[in-house]
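Engineer: Sharing a structure, written as structure tokens. Questions coming.
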2 protein chains.
Amino acid sequence: MTTLETLHAARGAKNALMLADSETKNQALHAMAQALLDQCPAILQANAADLQAAKGQVPDVMLDRLRLTEERVAAMAQGIREVAALPDPVGRLLAEEHCPNGLVLQKVTVPMGVIAIIYESRPNVTSDAVALAVKSGSACVLRGGKEAFQSNNAIARALQRGLVAAGLPEALVSLVQDTSRDSAAQLMKASGLVDLLIPRGGAGLIKACVENATVPCIQTGTGICHIYVDKAADPAMALDILENAKCSRPSVCNAAEVCLVHRDIARDFLPRLHERLVAGRQAQGLAPVQLRLDETAAGIIPGTPAGPEDFDTEFLDYVLAVAVVEDVQAAIRHIEAHSTGHSEAIVTADEAAAAAFAAGVDSAAVYVNASTRFTDGGQFGLGCEMGISTQKLHARGPMGLAELVSYKYIIRGSGQIR
Amino acid sequence: MTTLETLHAARGAKNALMLADSETKNQALHAMAQALLDQCPAILQANAADLQAAKGQVPDVMLDRLRLTEERVAAMAQGIREVAALPDPVGRLLAEEHCPNGLVLQKVTVPMGVIAIIYESRPNVTSDAVALAVKSGSACVLRGGKEAFQSNNAIARALQRGLVAAGLPEALVSLVQDTSRDSAAQLMKASGLVDLLIPRGGAGLIKACVENATVPCIQTGTGICHIYVDKAADPAMALDILENAKCSRPSVCNAAEVCLVHRDIARDFLPRLHERLVAGRQAQGLAPVQLRLDETAAGIIPGTPAGPEDFDTEFLDYVLAVAVVEDVQAAIRHIEAHSTGHSEAIVTADEAAAAAFAAGVDSAAVYVNASTRFTDGGQFGLGCEMGISTQKLHARGPMGLAELVSYKYIIRGSGQIR
């Protein structure tokens, strides 16, 4: 099937899911989880072929993200069952109004219809995304990366078997068979066929969607996250938070990329920062952080002088840009100029500075005395996550099931006219 | 100022409003209302110049929409005061979570930042839109139609005087000085400068935004609304609803454009429809409705044979397309294929048919036994309205203050790391 045929098939099938009750959807999800386990050998075989083809073509860290094992497939099945156990986001009564003229107005949540997802290497996204789409009542069209194509296909086929076993049409879930850029562009331009497009990937993919998409789109997952160390910060807390936010998983979007330090404490704090992130980590056999320093910071500690682009780069690596700022307002202005609107933190014992930062920083998640690494659907109590939105329309921050539905008004009358 | 300079000025000023408390915003709104009244002579003079220039260039109905009077200016001022009296949509706590690790997470509503609005002839939109933007804490950049340019400028200047009188920067409200298509295109493409773009106008403007906008955009106000007369309909109720939905104000987006009739009652109902909308109205000296009939309907009553485009046209006039359908499911399928997703109604005494229609029709507002003309912010109890969204992301149906804000998460900790 061409990408357009796939979209039309999903559209033709969507009503079966949009109108399905909670029990039907949950049965389908359990059948899909079971089918993943049943098809595990076929999935691992397809994955082996992907790994074989990718060897030498991509870095080792990518190979690891691509690799499936029996345990990982079992975890995917378990993830689907956990989504089944969550409350149904569809059919929720958001508001009810009894008008003086006798009209009864209800605002209720409804499925989107067809959700398209463009994603990159990790094949587990295939089952995670499908589970969330099915639970929220939408058909989904997946466009994965070419390195994981055979794995994704095997997973999608297993999920389709589950759908069919539960009496639902297999076209509710489909993987686009074209992994060239053309298919991504077609999804972006499929007005009337795609109700929601979610790009999950790097800055290049997000930019392409912003510039080209004519369908409704939610940008996710680019994070230039800042940690501002205020003059009233507990330095030990600041160092713990900085090391955690930078080093616990540098490749993720909620990792910190920039540290801003109040000028009044820079002479004391920066040497401790260097000791903790560079020398200290080296001494422990951990990857040291490469510091990119603005002029003031470079006058205090050793490190690479920062180029202007260093404050606008999502390093996704053991690299941290460091700047000295005049005060909390200067930190807020720096963040407004350079942030992607994902997550930022202040470390301070001063409540006025904390309040100014929380109010003044216009990002999805603003932390006071905590690591930016907590920006995550699971950590936020959503039970799951389709991605982390960095836009302001519809969904901001971690997107759970509630962010994957729309609403409509149903108005019941007895012949009222206006 | 160029359009880009106007946008940068709005961005530079926005924090004064984003961080303003309710009292400051309400004081500004009252000062803006007062300034409109104070500047009424200047506004009427500017309007007279617009009317003079438009005479002979646009239809009389457009001239009427363009015309301002002392009463209309007073009504604009009163509208601003009514917005001031509504609850503040900013700073609302949407959710709060105390996590086991001690983090306290709050989800709170926040302003968008900069809202751009592209609209057409009616100058009162200038003050309506500004009032909603200011109340919701966003700066706004307005791009009105060229026929109303002098009126809009006089209104915007008065509103700016009000802002300044309340101690706020005048750049929070500005009218783009270029009314060519270039300025609209610049607003659509101003990524990073516009947080929300709202086009208010005809299908051409909406289409241009869908195809070209790279900024977040909410499509509003194109309505191909359907009334389905079920076999179990009370025919008198159906006629009342149809005449109201078609004729009470044919130029608005919630007016009906299409009537679908169940085939089992077509022979009885269609002659009554013709009598009511054509002969009956003519006899009363009212504008008769021109019927565009599908083949089956044309075999029963006189009228113009419908071309295929007649079921995909927003007539905004005394024209109604009529088709005979097999049953409620066929009506739902017709609506899915032809509707703009605005408002649709079923007339029926059959609860099963009503439930199937309410569930199966995927539009912003679905009516059972009532006129589509009720789709309106005031009627829905929102107190006001920025437009009627026909999309599914963020806002659907009438957009009030609650739909003009975003949210963010504020997370307070005591050094938590992950």
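All residue names refer to the structure tokens as shown: chains lettered A, B, ... in order, residues numbered from 1 in each chain, ligands numbered from 1 in order.
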Extract, using only C-alpha atoms, all DNA, RNA and protein residues at most 8 Å from segment 387-403 of chain B, discarding same-chain residues fewer than 4 positions from it, and format them as a ChimeraX atom specification.

Structural biologist: /A:112,195-196,216,393-395,406-409 /B:89,132,135-136,200,218-222,340-342,363-365,375-377,380,382-383

Engineer: Segment 156-376 of chain B: which residues are strand (DSSP E or B) by DSSP, as a PyMOL selection string?

Structural biologist: chain B and resi 173-175+196-200+217+220+225-229+256-262+290-293+304-305+319-325+343-347+365-370

Engineer: What lies within 12 Å of Pro288 of chain A using only C-alpha atoms, ignoring chain neighbours under 3 positions off, as a PyMOL selection string?

Structural biologist: chain A and resi 243+246-247+250+273-285+291+303+317-320

Engineer: In terms of the shortest atom-to-atom distance over only C-alpha atoms, which of B:Glu170, B:Glu97, B:Asp60, B:Asp182 is closest to chain A?

Structural biologist: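 Of all the options, B:Glu97 lies closest to chain A.
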
Engineer: Could you list the residues in chain A lying within 6 Å of chain B, using only C-alpha atoms, and format the result as a ChimeraX atom specification?

Structural biologist: /A:210-211,214,237,241,364-371,392-394,406,408-417

Engineer: Please report the interatomic distance between atom CA of Gln39 of chain A and atom CA of Leu172 of chain A in Å with one decimal.

Structural biologist: 19.1 Å

Engineer: At a cut-off of 9 Å, using only C-alpha atoms, what residues contact Asp294 of chain B? Leave out same-chain residues fewer than 5 positions from it and give the result as a list in words.

Structural biologist: Gly299, Thr304, Pro305, Ala306, Gly307, Pro308, Ala321, Val322, Ala323 and Val324 of chain B

Engineer: In Å, with one decimal, what is the gap from atom CA of Glu351 of chain B to atom CA of Asp230 of chain B?

Structural biologist: 11.1 Å

Engineer: Just to confirm, what's the straight-line distance from atom CA of Phe311 of chain B to atom CA of Ala337 of chain B in Å (one decimal)?

Structural biologist: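 Separation of atom CA of Phe311 of chain B and atom CA of Ala337 of chain B: 9.6 Å.
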
Engineer: Just list as a PyMOL selection string whatever in segment 228-267 of chain B DSSP marks as alpha helix (DSSP H).

Structural biologist: chain B and resi 235-247+266-267

Engineer: Could you please take those selected residues and save N, CA, C and O atoms as a compact mmCIF listing (two decimals), in the first residue's frame?

Structural biologist:
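Output below, filename selection30.txt:
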# COMPACT_ATOMS: atom_id res chain seq x y z
N PRO B 235 -42.75 16.79 12.09
CA PRO B 235 -42.50 17.64 10.91
C PRO B 235 -42.63 19.13 11.22
O PRO B 235 -41.87 19.94 10.67
N ALA B 236 -43.52 19.50 12.11
CA ALA B 236 -43.67 20.93 12.43
C ALA B 236 -42.41 21.44 13.11
O ALA B 236 -41.92 22.53 12.80
N MET B 237 -41.86 20.63 14.03
CA MET B 237 -40.62 21.02 14.70
C MET B 237 -39.48 21.13 13.68
O MET B 237 -38.68 22.07 13.71
N ALA B 238 -39.43 20.16 12.76
CA ALA B 238 -38.36 20.16 11.75
C ALA B 238 -38.44 21.42 10.90
O ALA B 238 -37.41 22.05 10.60
N LEU B 239 -39.66 21.84 10.52
CA LEU B 239 -39.82 23.04 9.69
C LEU B 239 -39.40 24.29 10.47
O LEU B 239 -38.71 25.17 9.92
N ASP B 240 -39.81 24.36 11.74
CA ASP B 240 -39.40 25.51 12.55
C ASP B 240 -37.88 25.61 12.64
O ASP B 240 -37.29 26.68 12.51
N ILE B 241 -37.26 24.47 12.92
CA ILE B 241 -35.80 24.46 13.07
C ILE B 241 -35.12 24.81 11.75
O ILE B 241 -34.18 25.60 11.70
N LEU B 242 -35.62 24.23 10.66
CA LEU B 242 -35.01 24.51 9.36
C LEU B 242 -35.13 25.98 8.99
O LEU B 242 -34.15 26.59 8.54
N GLU B 243 -36.32 26.55 9.16
CA GLU B 243 -36.47 27.96 8.80
C GLU B 243 -35.57 28.84 9.68
O GLU B 243 -34.91 29.76 9.19
N ASN B 244 -35.52 28.51 10.97
CA ASN B 244 -34.66 29.30 11.86
C ASN B 244 -33.20 29.16 11.47
O ASN B 244 -32.46 30.15 11.38
N ALA B 245 -32.77 27.92 11.26
CA ALA B 245 -31.35 27.68 11.00
C ALA B 245 -30.93 28.27 9.65
O ALA B 245 -29.79 28.70 9.48
N LYS B 246 -31.84 28.26 8.68
CA LYS B 246 -31.49 28.80 7.35
C LYS B 246 -31.69 30.30 7.27
O LYS B 246 -30.84 31.00 6.71
N CYS B 247 -32.81 30.80 7.80
CA CYS B 247 -33.23 32.16 7.45
C CYS B 247 -33.02 33.22 8.53
O CYS B 247 -33.08 34.41 8.21
N ALA B 266 -39.81 11.41 2.83
CA ALA B 266 -39.49 12.46 1.85
C ALA B 266 -40.75 12.93 1.10
O ALA B 266 -40.94 14.14 0.88
N ARG B 267 -41.61 11.99 0.71
CA ARG B 267 -42.81 12.37 -0.08
C ARG B 267 -43.76 13.25 0.72
O ARG B 267 -44.43 14.11 0.14

Engineer: With only C-alpha atoms as the basis for distance, which of B:Cys384, B:Ile335, B:Ala233, B:Leu205 is at the shortest distance from Glu257 of chain B?

Structural biologist: B:Ile335

Engineer: Would you list the contacts of Val61 of chain B as an MDAnalysis selection string, taking every protein, DNA or RNA residue within 10 Å and counting only C-alpha atoms, but skipping same-chain residues closer than 4 positions in sequence?

Structural biologist: chainID B and resid 65:66 251

Engineer: List as JSON, numbers by chain the protein and nucleic acid residues near Asp312 of chain A, meaning an atom at most 9 Å away when only C-alpha atoms are counted, but skip any in the same chain fewer than 6 places from it.

Structural biologist: {"A": [224, 338, 339, 340]}
